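What follows is a short report on a single structure.
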Amino acid sequence: MKKYFIVYKPFLLFLTKFFLTFIVLTLLYQGFLGSFENNKIDSITNLVARNTEQLLDLFPTDVATEENIEGTFIKLIYNHKYVARIIEGCNAISIIILFISFVVSFSGKLKPTLLFIFWGSVVIYILNVFRIAMLIVLIYHLPGQVGLLHSVLFPLFIYGVVFILWIVWVRKFSLYAKSTAVK
């Protein structure tokens, strides 16, 4: 039995780090969300909506956000038409938690790990705002393609970026990269 543990130790260590980080960050985030009253939108989702509106304001369009009183979402109004809504799940925090959990599970030295987590999270956040802005414009112009755009193309975009960041982390900065480097 001990022989199997030694063989699978790196894998078991990876799983332990990943799930512990994921569970702790998810519980912290759920605690954060629990601090908001019922039917109140959390501050991160509000920030994403505001940043999306600011991005779209750079172009010659009419865009507005409007908090829905009856539910926990923000209406996105594009060229005087209610096009989409932003809910808590649109703020990319769950994706950032997944990203951080993976980086920690392949962690390297503390400073590069923390810097990669910070900058990777910033990249994911910014690309998520661009993703939502592009989604709004495309839904406005292609209303019959909402399912394809929202459920296939744009998740593929954001998860593809996260996957690329993971590859960069493992190949360039993690302890795994250091141990397999040619000397």
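Letters A, B, ... go to the chains of the structure tokens in the order shown; residues in each chain start at 1; ligands are counted from 1 in the same order.
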
Do you have, as CSV, the list of residues of segment 25-106 of chain A lying at most 10 Å from segment 125-132 of chain A, each with its nearest atom pair and that distance in Å to one decimal, counting only C-alpha atoms and ordered by chain then number?
residue,atom,partner,partner_atom,distance
A:Leu47,CA,A:Val129,CA,9.7
A:Val48,CA,A:Val129,CA,6.3
A:Ala49,CA,A:Val129,CA,8.0
A:Arg50,CA,A:Val129,CA,9.4
A:Asn51,CA,A:Val129,CA,6.7
A:Thr52,CA,A:Val129,CA,5.4
A:Glu53,CA,A:Val129,CA,9.2
A:Gln54,CA,A:Val129,CA,9.8
A:Leu55,CA,A:Phe130,CA,7.7
A:Leu56,CA,A:Phe130,CA,9.1
A:Ala84,CA,A:Ile132,CA,9.4
A:Arg85,CA,A:Ile132,CA,9.8
A:Ile86,CA,A:Ile132,CA,8.6
A:Cys90,CA,A:Asn128,CA,8.2
A:Asn91,CA,A:Asn128,CA,7.4
A:Ala92,CA,A:Tyr125,CA,6.5
A:Ile93,CA,A:Tyr125,CA,8.2
A:Ile95,CA,A:Tyr125,CA,9.3
A:Ile96,CA,A:Tyr125,CA,8.0

Output all heavy atoms for every residue in the selection just made, as a tab-separated table (two decimals), in the first residue's frame.
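Output contents, as saved in out-v3.tsv:
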chain	number	residue	atom	x	y	z
A	47	LEU	N	-19.91	45.87	-10.38
A	47	LEU	CA	-18.69	46.41	-11.00
A	47	LEU	C	-18.54	45.89	-12.43
A	47	LEU	O	-18.19	46.65	-13.34
A	47	LEU	CB	-17.46	46.06	-10.17
A	47	LEU	CG	-16.12	46.58	-10.66
A	47	LEU	CD1	-16.11	48.11	-10.67
A	47	LEU	CD2	-14.99	46.04	-9.80
A	48	VAL	N	-18.80	44.60	-12.64
A	48	VAL	CA	-18.71	44.03	-13.99
A	48	VAL	C	-19.70	44.73	-14.92
A	48	VAL	O	-19.35	45.09	-16.05
A	48	VAL	CB	-18.95	42.50	-13.95
A	48	VAL	CG1	-19.15	41.94	-15.35
A	48	VAL	CG2	-17.80	41.80	-13.27
A	49	ALA	N	-20.93	44.93	-14.45
A	49	ALA	CA	-21.94	45.62	-15.27
A	49	ALA	C	-21.51	47.05	-15.58
A	49	ALA	O	-21.62	47.51	-16.72
A	49	ALA	CB	-23.29	45.62	-14.55
A	50	ARG	N	-20.99	47.75	-14.57
A	50	ARG	CA	-20.54	49.13	-14.77
A	50	ARG	C	-19.37	49.19	-15.75
A	50	ARG	O	-19.32	50.04	-16.64
A	50	ARG	CB	-20.16	49.74	-13.42
A	50	ARG	CG	-20.18	51.25	-13.39
A	50	ARG	CD	-20.12	51.86	-12.01
A	50	ARG	NE	-19.09	51.32	-11.15
A	50	ARG	CZ	-19.32	50.62	-10.04
A	50	ARG	NH1	-20.55	50.38	-9.64
A	50	ARG	NH2	-18.33	50.17	-9.30
A	51	ASN	N	-18.41	48.25	-15.61
A	51	ASN	CA	-17.26	48.22	-16.53
A	51	ASN	C	-17.68	47.87	-17.95
A	51	ASN	O	-17.13	48.40	-18.92
A	51	ASN	CB	-16.20	47.24	-16.05
A	51	ASN	CG	-15.49	47.67	-14.79
A	51	ASN	OD1	-14.97	46.85	-14.05
A	51	ASN	ND2	-15.45	48.98	-14.52
A	52	THR	N	-18.66	46.99	-18.09
A	52	THR	CA	-19.18	46.64	-19.41
A	52	THR	C	-19.82	47.86	-20.05
A	52	THR	O	-19.60	48.16	-21.23
A	52	THR	CB	-20.19	45.48	-19.31
A	52	THR	OG1	-19.55	44.35	-18.71
A	52	THR	CG2	-20.73	45.10	-20.68
A	53	GLU	N	-20.61	48.58	-19.27
A	53	GLU	CA	-21.24	49.81	-19.77
A	53	GLU	C	-20.18	50.83	-20.17
A	53	GLU	O	-20.27	51.46	-21.24
A	53	GLU	CB	-22.17	50.39	-18.70
A	53	GLU	CG	-22.91	51.64	-19.14
A	53	GLU	CD	-23.83	52.19	-18.06
A	53	GLU	OE1	-23.76	51.74	-16.89
A	53	GLU	OE2	-24.61	53.09	-18.39
A	54	GLN	N	-19.14	50.99	-19.36
A	54	GLN	CA	-18.07	51.94	-19.67
A	54	GLN	C	-17.34	51.54	-20.96
A	54	GLN	O	-17.00	52.41	-21.77
A	54	GLN	CB	-17.07	52.01	-18.51
A	54	GLN	CG	-17.62	52.68	-17.28
A	54	GLN	CD	-16.74	52.47	-16.06
A	54	GLN	OE1	-15.95	51.53	-15.98
A	54	GLN	NE2	-16.91	53.35	-15.07
A	55	LEU	N	-17.12	50.26	-21.16
A	55	LEU	CA	-16.47	49.79	-22.38
A	55	LEU	C	-17.33	50.09	-23.60
A	55	LEU	O	-16.84	50.62	-24.60
A	55	LEU	CB	-16.18	48.29	-22.29
A	55	LEU	CG	-15.61	47.63	-23.53
A	55	LEU	CD1	-14.26	48.25	-23.91
A	55	LEU	CD2	-15.48	46.13	-23.32
A	56	LEU	N	-18.61	49.79	-23.51
A	56	LEU	CA	-19.50	50.03	-24.65
A	56	LEU	C	-19.72	51.52	-24.90
A	56	LEU	O	-20.01	51.91	-26.04
A	56	LEU	CB	-20.84	49.31	-24.44
A	56	LEU	CG	-20.77	47.79	-24.57
A	56	LEU	CD1	-22.07	47.15	-24.12
A	56	LEU	CD2	-20.40	47.38	-25.98
A	84	ALA	N	-29.91	41.88	-22.60
A	84	ALA	CA	-29.40	40.80	-21.75
A	84	ALA	C	-29.43	41.24	-20.30
A	84	ALA	O	-29.73	42.39	-19.98
A	84	ALA	CB	-27.97	40.45	-22.17
A	85	ARG	N	-29.10	40.30	-19.45
A	85	ARG	CA	-28.99	40.60	-18.03
A	85	ARG	C	-27.71	40.00	-17.48
A	85	ARG	O	-27.21	39.00	-17.99
A	85	ARG	CB	-30.20	40.08	-17.28
A	85	ARG	CG	-30.35	38.60	-17.32
A	85	ARG	CD	-31.61	38.16	-16.64
A	85	ARG	NE	-31.68	36.70	-16.72
A	85	ARG	CZ	-32.38	35.96	-15.92
A	85	ARG	NH1	-33.12	36.51	-14.99
A	85	ARG	NH2	-32.39	34.66	-16.04
A	86	ILE	N	-27.19	40.66	-16.48
A	86	ILE	CA	-26.00	40.16	-15.81
A	86	ILE	C	-26.44	39.65	-14.44
A	86	ILE	O	-27.06	40.39	-13.66
A	86	ILE	CB	-24.92	41.26	-15.65
A	86	ILE	CG1	-24.41	41.68	-17.02
A	86	ILE	CG2	-23.78	40.76	-14.78
A	86	ILE	CD1	-23.29	42.70	-16.97
A	90	CYS	N	-22.20	35.74	-13.93
A	90	CYS	CA	-21.53	36.40	-15.06
A	90	CYS	C	-20.27	37.15	-14.65
A	90	CYS	O	-19.57	37.68	-15.52
A	90	CYS	CB	-22.49	37.38	-15.73
A	90	CYS	SG	-23.97	36.64	-16.42
A	91	ASN	N	-20.00	37.25	-13.37
A	91	ASN	CA	-18.89	38.10	-12.93
A	91	ASN	C	-17.53	37.41	-12.98
A	91	ASN	O	-16.52	38.02	-12.64
A	91	ASN	CB	-19.16	38.68	-11.55
A	91	ASN	CG	-19.23	37.64	-10.45
A	91	ASN	OD1	-18.73	36.53	-10.59
A	91	ASN	ND2	-19.86	38.00	-9.35
A	92	ALA	N	-17.47	36.15	-13.39
A	92	ALA	CA	-16.24	35.37	-13.58
A	92	ALA	C	-15.52	34.99	-12.30
A	92	ALA	O	-14.43	34.43	-12.36
A	92	ALA	CB	-15.27	36.08	-14.54
A	93	ILE	N	-16.11	35.23	-11.15
A	93	ILE	CA	-15.44	34.87	-9.90
A	93	ILE	C	-15.28	33.36	-9.79
A	93	ILE	O	-14.23	32.87	-9.36
A	93	ILE	CB	-16.17	35.46	-8.67
A	93	ILE	CG1	-16.13	36.98	-8.71
A	93	ILE	CG2	-15.57	34.93	-7.37
A	93	ILE	CD1	-14.74	37.59	-8.74
A	95	ILE	N	-14.85	31.30	-12.18
A	95	ILE	CA	-13.77	30.94	-13.10
A	95	ILE	C	-12.42	31.33	-12.50
A	95	ILE	O	-11.45	30.57	-12.60
A	95	ILE	CB	-13.98	31.62	-14.47
A	95	ILE	CG1	-15.27	31.09	-15.10
A	95	ILE	CG2	-12.79	31.41	-15.39
A	95	ILE	CD1	-15.72	31.86	-16.32
A	96	ILE	N	-12.37	32.47	-11.85
A	96	ILE	CA	-11.12	32.90	-11.20
A	96	ILE	C	-10.77	31.96	-10.06
A	96	ILE	O	-9.60	31.62	-9.86
A	96	ILE	CB	-11.24	34.37	-10.73
A	96	ILE	CG1	-11.28	35.30	-11.96
A	96	ILE	CG2	-10.09	34.75	-9.81
A	96	ILE	CD1	-11.61	36.75	-11.66

List the spatial neighbours of segment 29-38 of chain A as a count of residues only - criterion: any atom at most 10 Å away, only C-alpha atoms, same-chain residues fewer than 3 positions off excluded.
14

List every residue of chain A that DSSP, applied to the backbone of this structure, assigns to strand (DSSP E), and report them as a list in words.
Val63, Ala64, Thr65, Glu66, Glu67, Ile74, Lys75, Leu76, Ile77, Tyr78, Lys81, Tyr82, Val83, Ala84, Arg85 and Ile86 of chain A

Deliver the residues from the most recent selection as a file, using N, CA, C and O atoms, as a short mmCIF file (atom, residue, chain, number, x, y, z; two decimals), in the first residue's frame.
data_model
loop_
_atom_site.label_atom_id
_atom_site.label_comp_id
_atom_site.auth_asym_id
_atom_site.auth_seq_id
_atom_site.Cartn_x
_atom_site.Cartn_y
_atom_site.Cartn_z
N VAL A 63 -25.96 52.79 -24.49
CA VAL A 63 -25.96 51.64 -23.59
C VAL A 63 -26.28 52.12 -22.18
O VAL A 63 -25.89 53.21 -21.77
N ALA A 64 -27.02 51.29 -21.47
CA ALA A 64 -27.37 51.62 -20.09
C ALA A 64 -27.52 50.33 -19.29
O ALA A 64 -27.82 49.28 -19.85
N THR A 65 -27.28 50.45 -18.01
CA THR A 65 -27.54 49.33 -17.11
C THR A 65 -28.62 49.78 -16.14
O THR A 65 -28.70 50.95 -15.78
N GLU A 66 -29.43 48.81 -15.73
CA GLU A 66 -30.54 49.13 -14.85
C GLU A 66 -30.72 47.96 -13.89
O GLU A 66 -30.93 46.82 -14.32
N GLU A 67 -30.64 48.24 -12.59
CA GLU A 67 -30.82 47.17 -11.60
C GLU A 67 -32.28 46.76 -11.56
O GLU A 67 -33.17 47.59 -11.49
N ILE A 74 -28.94 42.62 -13.31
CA ILE A 74 -28.83 43.95 -13.89
C ILE A 74 -29.20 43.85 -15.36
O ILE A 74 -28.65 43.03 -16.09
N LYS A 75 -30.14 44.68 -15.78
CA LYS A 75 -30.55 44.71 -17.18
C LYS A 75 -29.51 45.48 -17.98
O LYS A 75 -29.03 46.52 -17.55
N LEU A 76 -29.20 44.97 -19.15
CA LEU A 76 -28.32 45.66 -20.08
C LEU A 76 -29.17 46.12 -21.25
O LEU A 76 -29.76 45.32 -21.96
N ILE A 77 -29.23 47.42 -21.41
CA ILE A 77 -30.05 48.02 -22.46
C ILE A 77 -29.10 48.59 -23.50
O ILE A 77 -28.26 49.44 -23.21
N TYR A 78 -29.24 48.08 -24.72
CA TYR A 78 -28.35 48.45 -25.81
C TYR A 78 -29.19 49.04 -26.93
O TYR A 78 -30.11 48.38 -27.44
N LYS A 81 -32.88 48.91 -26.34
CA LYS A 81 -33.51 47.59 -26.31
C LYS A 81 -32.90 46.77 -25.18
O LYS A 81 -31.68 46.69 -25.06
N TYR A 82 -33.76 46.16 -24.36
CA TYR A 82 -33.30 45.27 -23.29
C TYR A 82 -32.76 44.01 -23.95
O TYR A 82 -33.49 43.21 -24.50
N VAL A 83 -31.45 43.86 -23.92
CA VAL A 83 -30.78 42.80 -24.66
C VAL A 83 -30.41 41.61 -23.78
O VAL A 83 -30.57 40.46 -24.17
N ALA A 84 -29.91 41.88 -22.60
CA ALA A 84 -29.40 40.80 -21.75
C ALA A 84 -29.43 41.24 -20.30
O ALA A 84 -29.73 42.39 -19.98
N ARG A 85 -29.10 40.30 -19.45
CA ARG A 85 -28.99 40.60 -18.03
C ARG A 85 -27.71 40.00 -17.48
O ARG A 85 -27.21 39.00 -17.99
N ILE A 86 -27.19 40.66 -16.48
CA ILE A 86 -26.00 40.16 -15.81
C ILE A 86 -26.44 39.65 -14.44
O ILE A 86 -27.06 40.39 -13.66
#

Can you list, as number ranges by chain, all residues belonging to segment 2-177 of chain A that DSSP tags as helix (DSSP H, G or I)?
A: 2-34, 43-56, 88-91, 93-105, 110-141, 143-173, 175-177

Would you work out the distance separating atom CA of Leu98 of chain A from atom CA of Phe22 of chain A, expressed in Å to one decimal?
6.6 Å

Taking into account only C-alpha atoms, which residue in the set A:Asn46, A:Thr21, A:Ser107, A:Ser101 is nearest to Gly89 of chain A?
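Closest to Gly89 of chain A of all the choices is A:Asn46.
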
Please identify all polymer residues within 12 Å of Lys109 of chain A, counting only C-alpha atoms, omitting same-chain residues fewer than 3 positions from it, and present them as a ChimeraX atom specification.
/A:103-104,106,112-116,169,173-178

Interatomic distance (Å, one decimal) between atom CA of Thr16 of chain A and atom CA of Arg171 of chain A:
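That distance, rounded to one decimal, is 20.9 Å.
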
For Leu138 of chain A, please output as a PyMOL selection string all residues within 12 Å (counting only C-alpha atoms; exclusion window: fewer than 4 positions along the same chain).
chain A and resi 78+83-84+131-134+142-150+153-154

Option closest in space to Leu135 of chain A, from A:Thr61, A:Ser121, A:Asn79, A:Ser151 [counting only C-alpha atoms]:
A:Ser151

Which distance in Å separates atom CA of Gly120 of chain A and atom CA of Phe99 of chain A, to one decimal?
8.1 Å
